[in-house]
Amino acid sequence: MNRMRSGLIGAAAVGIALLVTTPAVGSPQPAATASLTKSESQQLQSRMAEQLRRHPGGTVVASNEISYENGAVKVTLPLKDGAAPVPAGATGTPNCDSGSVCLYEHDNFNGTRVSYTQCGIYNLGDRGFIDKMTSWHNNQTGGVRAVMYDVDGNGRIYDYDQLVVGSNPNVGRSLNDRANYIRPC
Ligand SMILES: [Ca+2]
């Protein structure tokens with residue numbers, strides 16, 4: 001276990017090293033980071049390192065994106081604090097990949113984004129996203145609904161919302177910052 005964990009952290013460290021020295025090879029928006037100032041770029045690298053430290057086991061796949069579980073789960077950080085995840089400046093845009101469902105930290109698809117591409121039940125806390133979802137984009141095919149779960153005062157998990165295919169820029173006060181688990185399909 002310890003050896004495995006140190007291996008994962010080692011892999012994460014390699015990812016960070018690559019992040020610092022190469023311009024996000026394979027990033028869907030390779031030019032996006034060019035618009036960041038040096039200070040903003042350093043802050044992004046710091047937030048990426050923090051995400052990997054708190055939630056190890058991921059692989060850096062873009063300057064602001066970490067892939068977990070062989071791509072089944074991705075965490076995409078906003079290029080700048082409070083901004084949209086990708087691309088820079090595209091606020092108010094549901095930008096989830098086809099076949100995936102994405103949850104966003106803030107309204108109008110801003111802040112950190114987590115995306116899920118495979119069926120199963122996932123604990124959002126595993127990626128640092130518990131009680132954070134405010135907007136979402138379900139871009140799965142075939143009308144598949146994602147189910148969101150909360151935990152009640154007795155620790156019991158219950159489903160409290162279903163995400164139909166489409167998007168919602170703001171879930172509203174009663175549902176805001178409540179999601180603990182997701183079943184994408
Ligand atoms: Ca939120």
# chains A, B, ... in the order shown; residues from 1 in each chain; ligands from 1
>>> select_by_dssp(residues="stretch 99-141 of chain A", states="helix (DSSP H, G or I)", output="count of residues only")
7
>>> residues_around(residues="A:His55", least_positions_apart="4", cutoff="9 Å", atoms="only C-alpha atoms", output="MDAnalysis selection string")
chainID A and resid 50:51 126:128
>>> residues_near_ligand(ligand="ligand 1", cutoff="6 Å", atoms="only C-alpha atoms and all ligand atoms", output="number ranges by chain")
A: 105-106, 132-134, 177
>>> closest_residue(among="A:Gly155, A:Gly58, A:Gly143, A:Gly166", to="A:Lys74", atoms="only C-alpha atoms")
A:Gly58
>>> atom_distance(atom1="atom CA of A:Cys102", atom2="atom CA of A:His137")
5.2 Å
>>> atom_distance(atom1="atom CA of A:Ser63", atom2="atom CA of A:Thr141")
28.0 Å
>>> atom_distance(atom1="atom CA of A:Val147", atom2="atom CA of A:Asp161")
6.0 Å
